[in-house]
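S.K.: My structure is in start.cif, and what it holds is mmCIF, C-alpha atoms:
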data_entry
loop_
_atom_site.label_atom_id
_atom_site.label_comp_id
_atom_site.auth_asym_id
_atom_site.auth_seq_id
_atom_site.Cartn_x
_atom_site.Cartn_y
_atom_site.Cartn_z
CA MET E 1 112.86 111.87 79.57
CA ILE E 2 113.57 108.50 77.99
CA PRO E 3 116.38 106.19 79.11
CA GLY E 4 118.84 104.72 76.65
CA HIS E 5 118.26 101.30 75.16
CA PHE E 6 118.88 98.22 77.24
CA THR E 7 118.09 94.52 77.22
CA TYR E 8 115.76 93.40 79.98
CA HIS E 9 116.17 90.17 81.93
CA ARG E 10 113.68 88.78 84.41
CA PRO E 11 115.20 85.82 86.26
CA THR E 12 113.06 83.97 88.77
CA THR E 13 115.87 82.41 90.77
CA LEU E 14 118.95 83.88 92.40
CA ALA E 15 121.10 81.30 90.60
CA ASP E 16 119.86 82.62 87.25
CA ALA E 17 120.43 86.22 88.36
CA VAL E 18 124.05 85.72 89.41
CA ALA E 19 124.68 83.65 86.27
CA LEU E 20 123.47 86.63 84.21
CA MET E 21 125.66 88.98 86.23
CA ALA E 22 128.65 86.73 85.54
CA SER E 23 128.02 86.34 81.82
CA LEU E 24 127.05 89.95 81.08
CA GLY E 25 129.83 91.52 83.13
CA ASP E 26 130.14 95.26 83.60
CA ASP E 27 127.40 96.00 81.08
CA ALA E 28 124.74 94.67 83.45
CA ARG E 29 123.11 96.23 86.49
CA PRO E 30 120.70 94.55 88.88
CA LEU E 31 117.33 96.32 89.04
CA ALA E 32 115.74 96.31 92.49
CA GLY E 33 112.96 98.86 93.05
CA GLY E 34 114.52 101.08 90.41
CA HIS E 35 113.73 104.33 92.18
CA SER E 36 117.36 105.43 92.21
CA LEU E 37 118.47 103.73 89.00
CA ILE E 38 115.56 104.58 86.69
CA PRO E 39 115.71 108.34 87.41
CA MET E 40 119.47 108.17 86.75
CA MET E 41 118.80 106.34 83.47
CA LYS E 42 116.20 108.94 82.47
CA LEU E 43 118.80 111.64 83.03
CA ARG E 44 121.28 109.50 81.04
CA LEU E 45 123.60 109.55 84.04
CA ALA E 46 123.38 105.75 83.93
CA ALA E 47 123.19 103.72 80.75
CA PRO E 48 123.42 100.01 81.53
CA GLU E 49 123.17 97.75 78.49
CA HIS E 50 121.44 95.04 80.48
CA LEU E 51 119.03 95.27 83.41
CA ILE E 52 118.53 92.20 85.56
CA ASP E 53 115.19 92.67 87.31
CA LEU E 54 115.24 90.99 90.73
CA ARG E 55 111.55 91.54 91.57
CA ARG E 56 110.41 88.08 90.51
CA ILE E 57 112.87 86.26 92.78
CA ALA E 58 110.67 85.36 95.72
CA ALA E 59 113.59 84.20 97.86
CA LEU E 60 114.93 87.75 98.04
CA LYS E 61 111.83 89.16 99.74
CA GLY E 62 110.69 89.15 103.34
CA VAL E 63 111.91 89.36 106.93
CA ARG E 64 112.74 86.30 109.01
CA ARG E 65 114.18 85.72 112.44
CA ASP E 66 117.41 83.72 112.63
CA GLY E 67 118.40 83.20 116.27
CA ASP E 68 119.18 86.62 117.74
CA SER E 69 119.22 88.31 114.34
CA PHE E 70 116.78 89.38 111.69
CA VAL E 71 117.45 88.60 108.06
CA ILE E 72 115.91 91.12 105.68
CA GLY E 73 115.75 89.99 102.07
CA ALA E 74 117.28 92.55 99.73
CA MET E 75 114.03 92.97 97.77
CA THR E 76 111.99 93.75 100.88
CA THR E 77 110.50 97.17 100.24
CA GLN E 78 110.36 100.10 102.61
CA HIS E 79 106.58 99.58 102.59
CA ASP E 80 107.09 95.94 103.62
CA LEU E 81 109.29 97.11 106.51
CA LEU E 82 106.57 99.48 107.67
CA ALA E 83 104.00 96.66 107.52
CA SER E 84 106.13 94.15 109.45
CA ASP E 85 105.06 93.43 113.03
CA GLU E 86 108.43 91.78 113.68
CA ILE E 87 110.31 94.89 112.64
CA ALA E 88 107.94 97.06 114.69
CA ALA E 89 108.65 95.00 117.80
CA ALA E 90 112.38 94.38 117.49
CA LEU E 91 113.85 97.06 115.20
CA PRO E 92 111.55 100.07 115.50
CA ILE E 93 114.32 102.42 114.35
CA LEU E 94 114.05 100.90 110.87
CA GLN E 95 110.38 101.86 110.72
CA GLU E 96 111.07 105.33 112.05
CA ALA E 97 113.62 105.82 109.27
CA ALA E 98 111.55 104.16 106.54
CA ARG E 99 108.75 106.66 107.16
CA LEU E 100 111.24 109.43 106.37
CA ILE E 101 112.40 107.93 103.07
CA ALA E 102 110.93 109.55 99.97
CA ASP E 103 107.13 109.25 99.84
CA PRO E 104 104.47 106.52 99.95
CA GLN E 105 104.63 105.64 96.26
CA VAL E 106 108.41 105.33 96.30
CA ARG E 107 108.28 103.19 99.45
CA TYR E 108 106.10 100.58 97.71
CA MET E 109 108.85 100.04 95.14
CA GLY E 110 112.06 101.12 96.87
CA THR E 111 113.89 98.24 98.51
CA VAL E 112 116.08 97.99 101.57
CA GLY E 113 118.69 96.12 99.52
CA GLY E 114 118.80 98.79 96.85
CA ASN E 115 119.00 101.51 99.46
CA VAL E 116 122.04 99.98 101.15
CA ALA E 117 123.78 98.63 98.02
CA ASN E 118 123.68 101.77 95.91
CA GLY E 119 126.32 103.61 97.91
CA ASP E 120 124.51 106.94 97.67
CA PRO E 121 125.63 108.93 100.73
CA GLY E 122 122.13 110.43 100.87
CA ASN E 123 120.43 107.10 101.47
CA ASP E 124 119.19 106.62 105.02
CA MET E 125 119.47 102.88 105.63
CA PRO E 126 123.28 102.59 105.41
CA ALA E 127 124.01 104.65 108.54
CA LEU E 128 121.25 102.77 110.37
CA MET E 129 122.76 99.44 109.38
CA MET E 130 126.18 100.57 110.59
CA THR E 131 124.63 101.75 113.87
CA LEU E 132 122.88 98.40 114.32
CA GLY E 133 126.01 96.37 113.50
CA ALA E 134 124.38 94.77 110.45
CA SER E 135 126.13 92.80 107.73
CA TYR E 136 125.38 92.35 104.06
CA ARG E 137 125.35 89.05 102.19
CA LEU E 138 127.01 89.32 98.78
CA GLU E 139 126.58 86.47 96.32
CA SER E 140 128.07 85.62 92.96
CA THR E 141 128.45 82.42 90.95
CA SER E 142 131.73 81.67 92.71
CA ARG E 143 131.17 82.63 96.36
CA VAL E 144 128.95 83.84 99.15
CA ARG E 145 130.38 86.27 101.67
CA ASP E 146 129.18 88.53 104.45
CA VAL E 147 130.56 92.04 104.77
CA ALA E 148 129.90 94.26 107.78
CA ALA E 149 127.96 97.40 106.87
CA ALA E 150 130.74 99.36 108.61
CA GLU E 151 133.26 97.90 106.09
CA PHE E 152 131.09 98.17 102.99
CA TYR E 153 131.16 101.85 102.05
CA GLN E 154 134.31 103.17 100.39
CA GLY E 155 133.15 106.46 98.86
CA ALA E 156 130.19 107.97 97.05
CA TYR E 157 128.72 105.09 95.01
CA ALA E 158 131.86 103.05 95.73
CA THR E 159 131.26 99.93 97.80
CA ALA E 160 132.78 96.54 98.56
CA LEU E 161 130.54 94.95 95.89
CA GLU E 162 132.72 93.25 93.32
CA PRO E 163 131.85 92.57 89.69
CA GLY E 164 129.26 89.81 89.42
CA GLU E 165 128.05 90.17 93.00
CA ILE E 166 124.48 90.87 94.12
CA LEU E 167 123.61 92.00 97.64
CA THR E 168 120.99 89.44 98.63
CA ALA E 169 120.21 89.97 102.31
CA ILE E 170 120.92 92.11 105.35
CA THR E 171 121.45 90.48 108.72
CA VAL E 172 120.66 92.75 111.65
CA PRO E 173 121.43 91.66 115.20
CA ALA E 174 118.44 92.37 117.44
CA PRO E 175 119.29 95.32 119.69
CA PRO E 176 119.11 94.63 123.43
CA ALA E 177 115.66 94.56 125.03
CA GLY E 178 114.81 97.96 126.47
CA HIS E 179 117.10 99.83 124.09
CA GLY E 180 116.28 103.37 123.14
CA HIS E 181 116.43 104.50 119.54
CA ALA E 182 115.93 107.57 117.40
CA TYR E 183 116.58 108.72 113.85
CA GLU E 184 116.66 112.48 113.49
CA LYS E 185 116.60 113.66 109.88
CA LEU E 186 116.63 117.28 108.85
CA LYS E 187 115.30 117.70 105.34
CA ARG E 188 114.09 120.60 103.28
CA LYS E 189 110.81 118.98 102.34
CA VAL E 190 108.98 115.67 102.28
CA GLY E 191 110.82 113.16 100.15
CA ASP E 192 114.18 114.87 100.18
CA TYR E 193 117.52 113.39 101.13
CA ALA E 194 118.87 114.44 104.50
CA THR E 195 120.51 117.81 104.94
CA ALA E 196 121.91 115.99 107.97
CA ALA E 197 120.70 112.98 109.91
CA ALA E 198 121.75 110.98 112.94
CA ALA E 199 120.79 107.53 114.18
CA VAL E 200 121.19 106.55 117.83
CA VAL E 201 120.76 103.18 119.53
CA LEU E 202 121.56 103.15 123.25
CA THR E 203 120.87 101.42 126.52
CA MET E 204 120.47 103.14 129.88
CA SER E 205 121.27 101.83 133.34
CA GLY E 206 120.51 103.74 136.52
CA GLY E 207 119.91 106.94 134.58
CA ARG E 208 123.24 106.75 132.76
CA VAL E 209 124.12 105.67 129.25
CA ALA E 210 125.38 102.09 129.38
CA SER E 211 126.03 101.55 125.66
CA CYS E 212 125.63 103.77 122.63
CA ARG E 213 126.15 103.73 118.89
CA ILE E 214 125.68 106.72 116.62
CA GLY E 215 125.46 106.76 112.82
CA LEU E 216 125.46 109.77 110.49
CA THR E 217 123.76 110.16 107.09
CA ASN E 218 124.80 112.48 104.27
CA LEU E 219 127.55 114.17 106.25
CA ALA E 220 130.45 112.68 104.28
CA ASP E 221 131.09 110.64 101.11
CA THR E 222 129.98 107.59 103.07
CA PRO E 223 127.74 106.96 106.06
CA LEU E 224 129.72 107.36 109.28
CA LEU E 225 129.88 105.67 112.66
CA ALA E 226 130.51 108.43 115.19
CA GLU E 227 132.45 106.33 117.68
CA ALA E 228 134.10 109.14 119.63
CA ALA E 229 130.75 110.88 119.98
CA ALA E 230 129.23 107.69 121.36
CA GLN E 231 132.14 107.27 123.79
CA ALA E 232 131.59 110.84 124.96
CA VAL E 233 128.15 110.03 126.35
CA ILE E 234 128.72 106.55 127.79
CA GLY E 235 128.57 106.73 131.59
CA THR E 236 126.91 110.16 131.55
CA SER E 237 123.33 111.13 132.28
CA LEU E 238 123.26 112.99 128.95
CA ASP E 239 123.67 116.30 130.74
CA ALA E 240 124.29 119.43 128.71
CA ALA E 241 128.08 119.08 128.88
CA ALA E 242 127.95 115.50 127.59
CA LEU E 243 125.66 116.49 124.72
CA THR E 244 128.01 119.34 123.80
CA ARG E 245 130.99 116.97 123.78
CA ALA E 246 129.07 114.44 121.66
CA ALA E 247 128.11 117.04 119.08
CA ALA E 248 131.68 118.33 118.90
CA ALA E 249 133.10 114.83 118.48
CA ALA E 250 130.56 114.02 115.76
CA ARG E 251 131.21 117.30 113.92
CA ALA E 252 134.93 116.52 113.94
CA ILE E 253 134.42 113.59 111.55
CA MET E 254 131.84 115.24 109.26
CA THR E 255 132.97 116.31 105.79
CA PRO E 256 129.68 117.17 104.10
CA ALA E 257 129.48 118.45 100.57
CA GLY E 258 128.17 121.94 99.93
CA ASP E 259 125.11 121.67 97.73
CA GLY E 260 121.51 122.79 97.52
CA ARG E 261 121.03 121.59 101.07
CA GLY E 262 123.48 124.17 102.36
CA PRO E 263 127.19 124.88 102.69
CA PRO E 264 129.43 122.40 104.56
CA ASP E 265 129.69 124.44 107.78
CA TYR E 266 125.92 124.70 108.06
CA ARG E 267 125.42 121.01 107.45
CA SER E 268 127.98 120.09 110.11
CA HIS E 269 126.32 122.54 112.49
CA VAL E 270 122.88 120.99 112.06
CA GLY E 271 124.45 117.52 111.99
CA GLY E 272 125.62 118.05 115.56
CA ILE E 273 122.15 119.16 116.54
CA MET E 274 120.67 116.01 114.99
CA VAL E 275 123.07 113.95 117.13
CA GLN E 276 121.96 115.76 120.28
CA ARG E 277 118.27 115.44 119.50
CA ALA E 278 118.60 111.77 118.64
CA LEU E 279 120.50 111.08 121.88
CA VAL E 280 117.89 112.80 124.02
CA ARG E 281 114.97 111.12 122.27
CA ALA E 282 116.60 107.67 122.34
CA ALA E 283 117.31 108.01 126.07
CA ALA E 284 113.69 108.95 126.75
CA ARG E 285 112.58 105.77 125.02
CA ALA E 286 115.03 103.45 126.77
CA LYS E 287 113.67 101.28 129.54
CA MET D 288 116.13 97.44 69.34
CA ALA D 289 114.11 94.31 69.91
CA LYS D 290 110.67 94.85 71.32
CA THR D 291 109.17 92.85 74.11
CA HIS D 292 105.62 91.60 74.28
CA VAL D 293 103.80 92.64 77.45
CA THR D 294 100.43 91.62 78.81
CA MET D 295 98.70 93.16 81.79
CA THR D 296 95.24 93.86 83.11
CA ILE D 297 94.15 97.49 83.17
CA ASN D 298 90.85 98.39 84.80
CA GLY D 299 89.77 94.77 84.49
CA ALA D 300 90.53 94.37 80.78
CA GLU D 301 93.46 92.39 79.50
CA VAL D 302 95.75 94.51 77.32
CA GLU D 303 98.89 93.70 75.41
CA GLY D 304 101.46 95.48 73.36
CA LEU D 305 104.95 95.46 71.93
CA VAL D 306 107.28 97.80 73.79
CA GLU D 307 110.93 98.62 73.94
CA PRO D 308 112.25 97.60 77.36
CA ARG D 309 112.96 101.28 78.05
CA THR D 310 109.30 102.25 77.57
CA LEU D 311 107.98 103.73 80.78
CA LEU D 312 104.67 102.42 82.06
CA VAL D 313 103.11 105.88 81.84
CA HIS D 314 103.98 106.10 78.13
CA PHE D 315 102.57 102.63 77.51
CA ILE D 316 99.33 103.64 79.20
CA ARG D 317 99.02 107.07 77.59
CA GLU D 318 100.46 106.48 74.13
CA THR D 319 100.10 102.79 73.30
CA LEU D 320 96.76 102.33 75.04
CA GLN D 321 95.68 105.95 74.53
CA MET D 322 94.35 106.21 78.05
CA THR D 323 95.32 109.78 78.82
CA GLY D 324 93.70 110.11 82.25
CA THR D 325 97.07 109.34 83.82
CA HIS D 326 99.13 112.53 83.65
CA ILE D 327 102.84 113.21 83.36
CA GLY D 328 103.80 116.11 85.60
CA CYS D 329 107.42 116.41 86.65
CA ASP D 330 108.71 113.20 85.03
CA THR D 331 111.20 112.96 87.93
CA THR D 332 109.36 110.81 90.54
CA HIS D 333 108.39 113.83 92.62
CA CYS D 334 104.91 115.06 91.75
CA GLY D 335 102.73 111.93 91.73
CA ALA D 336 100.51 113.04 88.80
CA CYS D 337 101.31 109.72 87.09
CA THR D 338 100.28 107.58 90.07
CA VAL D 339 98.46 104.37 89.19
CA ASP D 340 97.53 101.34 91.29
CA LEU D 341 99.68 98.33 90.44
CA ASP D 342 99.06 95.01 92.22
CA GLY D 343 97.81 96.82 95.30
CA MET D 344 100.55 99.43 95.38
CA SER D 345 100.44 103.10 94.46
CA VAL D 346 103.30 103.62 92.02
CA LYS D 347 104.61 106.52 90.01
CA SER D 348 104.25 105.16 86.50
CA CYS D 349 106.97 107.48 85.17
CA THR D 350 109.46 105.45 87.23
CA VAL D 351 108.39 101.94 86.28
CA PHE D 352 109.17 100.25 82.98
CA ALA D 353 106.20 98.69 81.20
CA VAL D 354 108.11 95.40 81.11
CA GLN D 355 108.22 95.40 84.91
CA ALA D 356 104.41 95.40 84.93
CA GLU D 357 104.18 92.15 82.96
CA GLY D 358 101.20 90.22 84.36
CA ALA D 359 100.22 93.02 86.73
CA ALA D 360 96.73 94.21 87.59
CA ILE D 361 96.61 97.98 87.15
CA THR D 362 93.91 100.51 87.93
CA THR D 363 93.99 103.99 86.42
CA VAL D 364 91.65 106.89 87.00
CA GLU D 365 89.56 105.67 84.06
CA GLY D 366 88.72 102.62 86.15
CA MET D 367 87.28 104.55 89.08
CA ALA D 368 83.76 105.45 87.94
CA SER D 369 81.10 102.78 87.38
CA PRO D 370 80.49 101.71 83.77
CA ASP D 371 77.28 103.78 83.80
CA GLY D 372 79.29 106.87 84.66
CA THR D 373 78.40 107.07 88.34
CA LEU D 374 81.34 108.68 90.08
CA SER D 375 83.26 106.77 92.72
CA ALA D 376 83.12 108.08 96.29
CA LEU D 377 86.51 109.73 95.82
CA GLN D 378 85.57 111.39 92.57
CA GLU D 379 82.35 112.63 94.15
CA GLY D 380 84.36 113.90 97.11
CA PHE D 381 86.71 115.89 94.88
CA ARG D 382 83.71 117.39 93.13
CA MET D 383 81.69 118.19 96.23
CA MET D 384 84.62 119.55 98.26
CA HIS D 385 86.18 121.52 95.38
CA GLY D 386 89.24 119.30 95.62
CA LEU D 387 90.63 120.55 92.32
CA GLN D 388 91.22 123.78 90.50
CA CYS D 389 93.26 123.09 87.36
CA GLY D 390 92.79 119.33 87.78
CA TYR D 391 96.25 118.33 86.65
CA CYS D 392 97.20 116.51 89.85
CA THR D 393 93.74 115.04 90.35
CA PRO D 394 94.12 111.62 88.66
CA GLY D 395 97.22 110.92 90.74
CA MET D 396 95.59 112.24 93.90
CA ILE D 397 92.56 110.02 93.37
CA MET D 398 94.60 106.92 92.64
CA ARG D 399 96.81 107.48 95.67
CA ALA D 400 93.80 108.20 97.90
CA HIS D 401 92.14 105.06 96.55
CA ARG D 402 94.98 102.86 97.85
CA LEU D 403 95.22 104.86 101.09
CA LEU D 404 91.54 104.20 101.86
CA GLN D 405 91.92 100.52 100.97
CA GLU D 406 94.69 100.25 103.57
CA ASN D 407 93.19 102.61 106.13
CA PRO D 408 89.42 103.12 105.68
CA SER D 409 89.18 105.74 108.45
CA PRO D 410 92.33 107.84 108.28
CA THR D 411 92.89 110.86 110.49
CA GLU D 412 93.67 114.17 108.83
CA ASP D 413 97.36 113.68 109.65
CA GLU D 414 97.29 110.20 108.13
CA ILE D 415 95.72 111.59 104.96
CA ARG D 416 98.35 114.31 104.69
CA PHE D 417 101.15 111.80 105.27
CA GLY D 418 99.50 109.38 102.84
CA ILE D 419 99.38 111.90 99.99
CA SER D 420 102.80 113.39 100.68
CA GLY D 421 104.05 112.01 97.36
CA ASN D 422 101.48 114.00 95.39
CA LEU D 423 101.97 117.67 94.67
CA CYS D 424 99.16 120.14 93.97
CA ARG D 425 100.13 123.68 93.00
CA CYS D 426 96.61 125.14 93.16
CA THR D 427 94.63 124.23 96.22
CA GLY D 428 97.06 124.13 99.11
CA TYR D 429 95.71 120.62 99.86
CA GLN D 430 92.95 121.73 102.24
CA ASN D 431 90.12 120.74 99.95
CA ILE D 432 91.91 117.63 98.73
CA VAL D 433 92.08 116.44 102.33
CA LYS D 434 88.37 117.24 102.72
CA ALA D 435 87.59 115.35 99.52
CA ILE D 436 89.31 112.25 100.87
CA GLN D 437 87.54 112.64 104.22
CA TYR D 438 84.25 112.92 102.33
CA ALA D 439 84.98 109.71 100.43
CA ALA D 440 86.06 107.86 103.57
CA ALA D 441 82.83 108.86 105.32
CA LYS D 442 80.72 107.84 102.35
CA LEU D 443 82.48 104.48 102.01
CA ASN D 444 81.93 103.92 105.74
CA GLY D 445 78.24 104.69 105.40
CA ALA D 446 78.54 107.94 107.35
CA GLU D 447 77.85 111.53 106.49
CA PHE D 448 80.85 113.83 106.09
CA LYS D 449 80.86 116.71 108.53
CA GLU D 450 83.41 119.41 107.88
CA ALA D 451 85.49 120.29 110.90
CA ALA D 452 85.25 123.91 112.00
CA GLU D 453 88.24 125.89 110.81
#
Now, as a test, write the supplied structure out as C-alpha cells.

M.R.:
Amino acid sequence: MIPGHFTYHRPTTLADAVALMASLGDDARPLAGGHSLIPMMKLRLAAPEHLIDLRRIAALKGVRRDGDSFVIGAMTTQHDLLASDEIAAALPILQEAARLIADPQVRYMGTVGGNVANGDPGNDMPALMMTLGASYRLESTSRVRDVAAAEFYQGAYATALEPGEILTAITVPAPPAGHGHAYEKLKRKVGDYATAAAAVVLTMSGGRVASCRIGLTNLADTPLLAEAAAQAVIGTSLDAAALTRAAAAARAIMTPAGDGRGPPDYRSHVGGIMVQRALVRAAARAK
Amino acid sequence: MAKTHVTMTINGAEVEGLVEPRTLLVHFIRETLQMTGTHIGCDTTHCGACTVDLDGMSVKSCTVFAVQAEGAAITTVEGMASPDGTLSALQEGFRMMHGLQCGYCTPGMIMRAHRLLQENPSPTEDEIRFGISGNLCRCTGYQNIVKAIQYAAAKLNGAEFKEAAE
C-alpha cells in the first residue's frame, strides 16, 4: 500500500513549523510519530499535500517539572514516557497506560502529543489527560493558548485545534501524594484499541474515598469524564453498593459504537466493569 | 513528483538514494538498496516482519517514510552476522532452538530481540513475551522463539542456556 504524493518538510524549530502551517493552510498536516497518520495515508483515507515532520524539533521532546505540574513535550514518545523516572514517580498511571498502547515498535515512534491531538476516540491518553486535569498548549503564528483536555474533544477526530495550530505540550498537574491510580483496558489482543477502558485517580482517607476522577476511553465519540460515577463513590468505602452505583452512572453516559469490538450494549456492559475494577485497584494502591 | 535525496547508514555503510517523499523505508531498503532480508508481512503496522533498528529503536519500516530516516543509523538482519559469516548469538539461538519454521517473521523477530537484549540483557520469559508482542509468528506458537532469545541472552552473558522443564 503506497500513500498518495505529498511534499515533505522538516523544520528544526517550532517557529518554522507554525510558519509552514500558516502558509500551507488546510493542505498541510503535522507529522508526529506517524503511526496513526501513515497507516491512514496508506489506506488513502488521508491524503495531505504537505507533511510537516516535527521530529527534528528538539524543543518539543522531553518531560520537565514546572512547579506542581509536569510539562510533557508533544513529541515525547510512549517509549520515552516508559523510560522516565519522573513519570514513574509522579504519574505512574501514564506508564501503566503507555504499556497498553499498541506494541513496543509503535511505542518508540508514537508520541503523546499525536495520541492526544488526533481526536481518535480509541486513543488511550485523552481520557487519562481528562482524568488528570491536564491542559494542552496550542501554538500558531498568531497566538499561544492553553485548552483543558476536558474542553478539547468535540467529536470523533474533531477537536479544538484551529487551522494553523500545532499542539506543542501537555501540562499535567501532579496528582496528590498517596493517590491511587489504575487504568483498566479490555482489548481483544495485544496492540488493539480498547473495547472499553476506564482510568481512575483517587485519594483515600480513613478507608473512604476522599476524591475521585474517572475517565472513559472508546465508549463514545470522545473520551468522557464520568463525573456522576466519581461522585457516587466519594465518601464510601467502595462497598458493593457503591461500585454498582458507579458502574450504573458511568454506563448512563456511554454511547459506544457497535463495531468489531462488539455491539454497543456489550461495550457499555464491560465499560462498567472496567470502572469497577479500576476503582478497586486504585483504592488498593492509595496510601 | 520531485524526488528527495536521502543519506543514511545501513549496517555501517553509508547509503544514499533519490526517493519520492512517499517512499516507505521498507521499500527503500528492499527495492532501492536490494537488501531483501527485511520482509513485508501485513503492511499495516501489525506483524513486525519489517522491523529494523533505527537510531536505537525497533521500528516497523512499513510505517516510516525513507525521508524520515535521513541521517539515521539503521541495522537490518543482514547486519547481524559477522563479515566472515559467523552467526550472531540471536541467529545461533534461532537455529539451535528451532525458533523458525517458515522463517518469514524471523528477520523482524531477530531485529526486535536485538534491541530488547540491548535494553535488557537478562529478560525474564514474561519480559521477552512482552518485548516481542509487536511481532507475529503464525508457525511456532512463540515457544521456541522465546527459547531462542533466552539462548542468545545466556550466550551474550557468558552463561550456558538451560531449558526450563515444561

S.K.: Name every residue that the PyMOL selection byres ((chain E) within 8 of (chain D)) selects in this structure, writing the answer as a PyMOL selection string with chains first and numbers rising.

M.R.: chain E and resi 1-8+34-35+38-39+53+102-106+108-109+190-191

S.K.: With a distance cut-off of 8 Å and all atoms listed in the file, select the neighbouring residues of Gly272 (chain E), excluding the residue or stretch itself and same-chain residues fewer than 2 positions from it, and output the selection as JSON, numbers by chain.

M.R.: {"E": [246, 247, 248, 250, 251, 268, 269, 270, 274, 275, 276]}

S.K.: With only C-alpha atoms as the atoms that count, which of D:Ala439, D:Cys424, D:Met367, D:Ala336 lies nearest to Arg382 (chain D)?

M.R.: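 When distances to Arg382 (chain D) are compared using only C-alpha atoms, the smallest one comes from D:Ala439.
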
S.K.: Could you list, as a list of chain:residue names, every residue matched by the PyMOL selection byres ((chain E and resi 242) around 12) in this structure?

M.R.: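 Those residues are E:Arg208, E:Val209, E:Ala228, E:Ala229, E:Ala230, E:Gln231, E:Ala232, E:Val233, E:Ile234, E:Gly235, E:Thr236, E:Ser237, E:Leu238, E:Asp239, E:Ala240, E:Ala241, E:Leu243, E:Thr244, E:Arg245, E:Ala246, E:Ala247, E:Ala248, E:Ala249, E:Val275, E:Gln276, E:Leu279, E:Val280.
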
S.K.: Take the PyMOL selection byres ((chain E and resi 36) around 12), run it mentally on this structure, and tell me the resulting residues as a PyMOL selection string.

M.R.: (chain E and resi 30-35+37-43+45-46+102+106-107+109-111+113-120+122-123+157+193) or (chain D and resi 331-332+350-351)

S.K.: Report, in Å to a single decimal, how far apart CA of Gly73 (chain E) and CA of Ser211 (chain E) are.

M.R.: 28.2 Å

S.K.: By how many Å are CA of Val364 (chain D) and CA of Lys449 (chain D) apart?

M.R.: 26.0 Å

S.K.: Have a look at E:Thr222, E:Thr168, E:Ser135, E:Thr217 and name the one nearest to Ala156 (chain E); count all atoms listed in the file.

M.R.: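 Once distances to Ala156 (chain E) are computed over all atoms listed in the file, the minimum belongs to E:Thr222.
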
S.K.: Report, in Å to a single decimal, how far apart CA of Asp124 (chain E) and CA of Ile93 (chain E) are.

M.R.: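 According to the coordinates, CA of Ile93 (chain E) and CA of Asp124 (chain E) are separated by 11.3 Å.
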
S.K.: Counting all atoms listed in the file, figure out which residue out of E:Thr12, E:Arg145, E:Pro176, E:Ala17 gets nearest to Ser69 (chain E).

M.R.: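 When distances to Ser69 (chain E) are compared using all atoms listed in the file, the smallest one comes from E:Pro176.
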
S.K.: Quick one: of D:Leu443, D:Ile397, D:Ile316, D:Ile436, who's nearest to Arg416 (chain D), counting only C-alpha atoms?

M.R.: D:Ile436

S.K.: Write out as a list in words which residues come within 12 Å of Thr159 (chain E) when counting all atoms listed in the file, dropping same-chain ones fewer than 4 positions away.

M.R.: Val116, Ala117, Asn118, Gly119, Asp120, Pro121, Pro126, Tyr136, Leu138, Val147, Ala148, Ala149, Ala150, Glu151, Phe152, Tyr153, Gln154, Gly155, Pro163, Glu165, Ile166, Leu167, Asp221, Thr222 and Pro223 of chain E

S.K.: Would you please work out which residue, of D:Val293, D:Val306, D:Cys426, D:Ala376, is nearest to Lys442 (chain D) when using all atoms listed in the file?

M.R.: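 For Lys442 (chain D), the nearest of the candidates is D:Ala376.
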
S.K.: Report as a compact mmCIF listing (two decimals) with C-alpha atoms, in the coordinates of the input all protein, DNA and RNA residues lying within 8 Å of Ala196 (chain E), evaluated on all atoms listed in the file, omitting residues in the same chain fewer than 2 positions from it.

M.R.:
# COMPACT_ATOMS: atom_id res chain seq x y z
CA LYS E 185 116.60 113.66 109.88
CA LEU E 186 116.63 117.28 108.85
CA LYS E 187 115.30 117.70 105.34
CA ALA E 194 118.87 114.44 104.50
CA ALA E 198 121.75 110.98 112.94
CA LEU E 216 125.46 109.77 110.49
CA THR E 217 123.76 110.16 107.09
CA ASN E 218 124.80 112.48 104.27
CA LEU E 219 127.55 114.17 106.25
CA ARG E 267 125.42 121.01 107.45
CA SER E 268 127.98 120.09 110.11
CA VAL E 270 122.88 120.99 112.06
CA GLY E 271 124.45 117.52 111.99
CA MET E 274 120.67 116.01 114.99

S.K.: Which residues come within 7 Å of Phe381 (chain D), counting all atoms listed in the file, excluding same-chain residues fewer than 6 positions away, as a list in words?

M.R.: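 In the requested format, the answer is Leu387, Ile432 and Ala435 of chain D.
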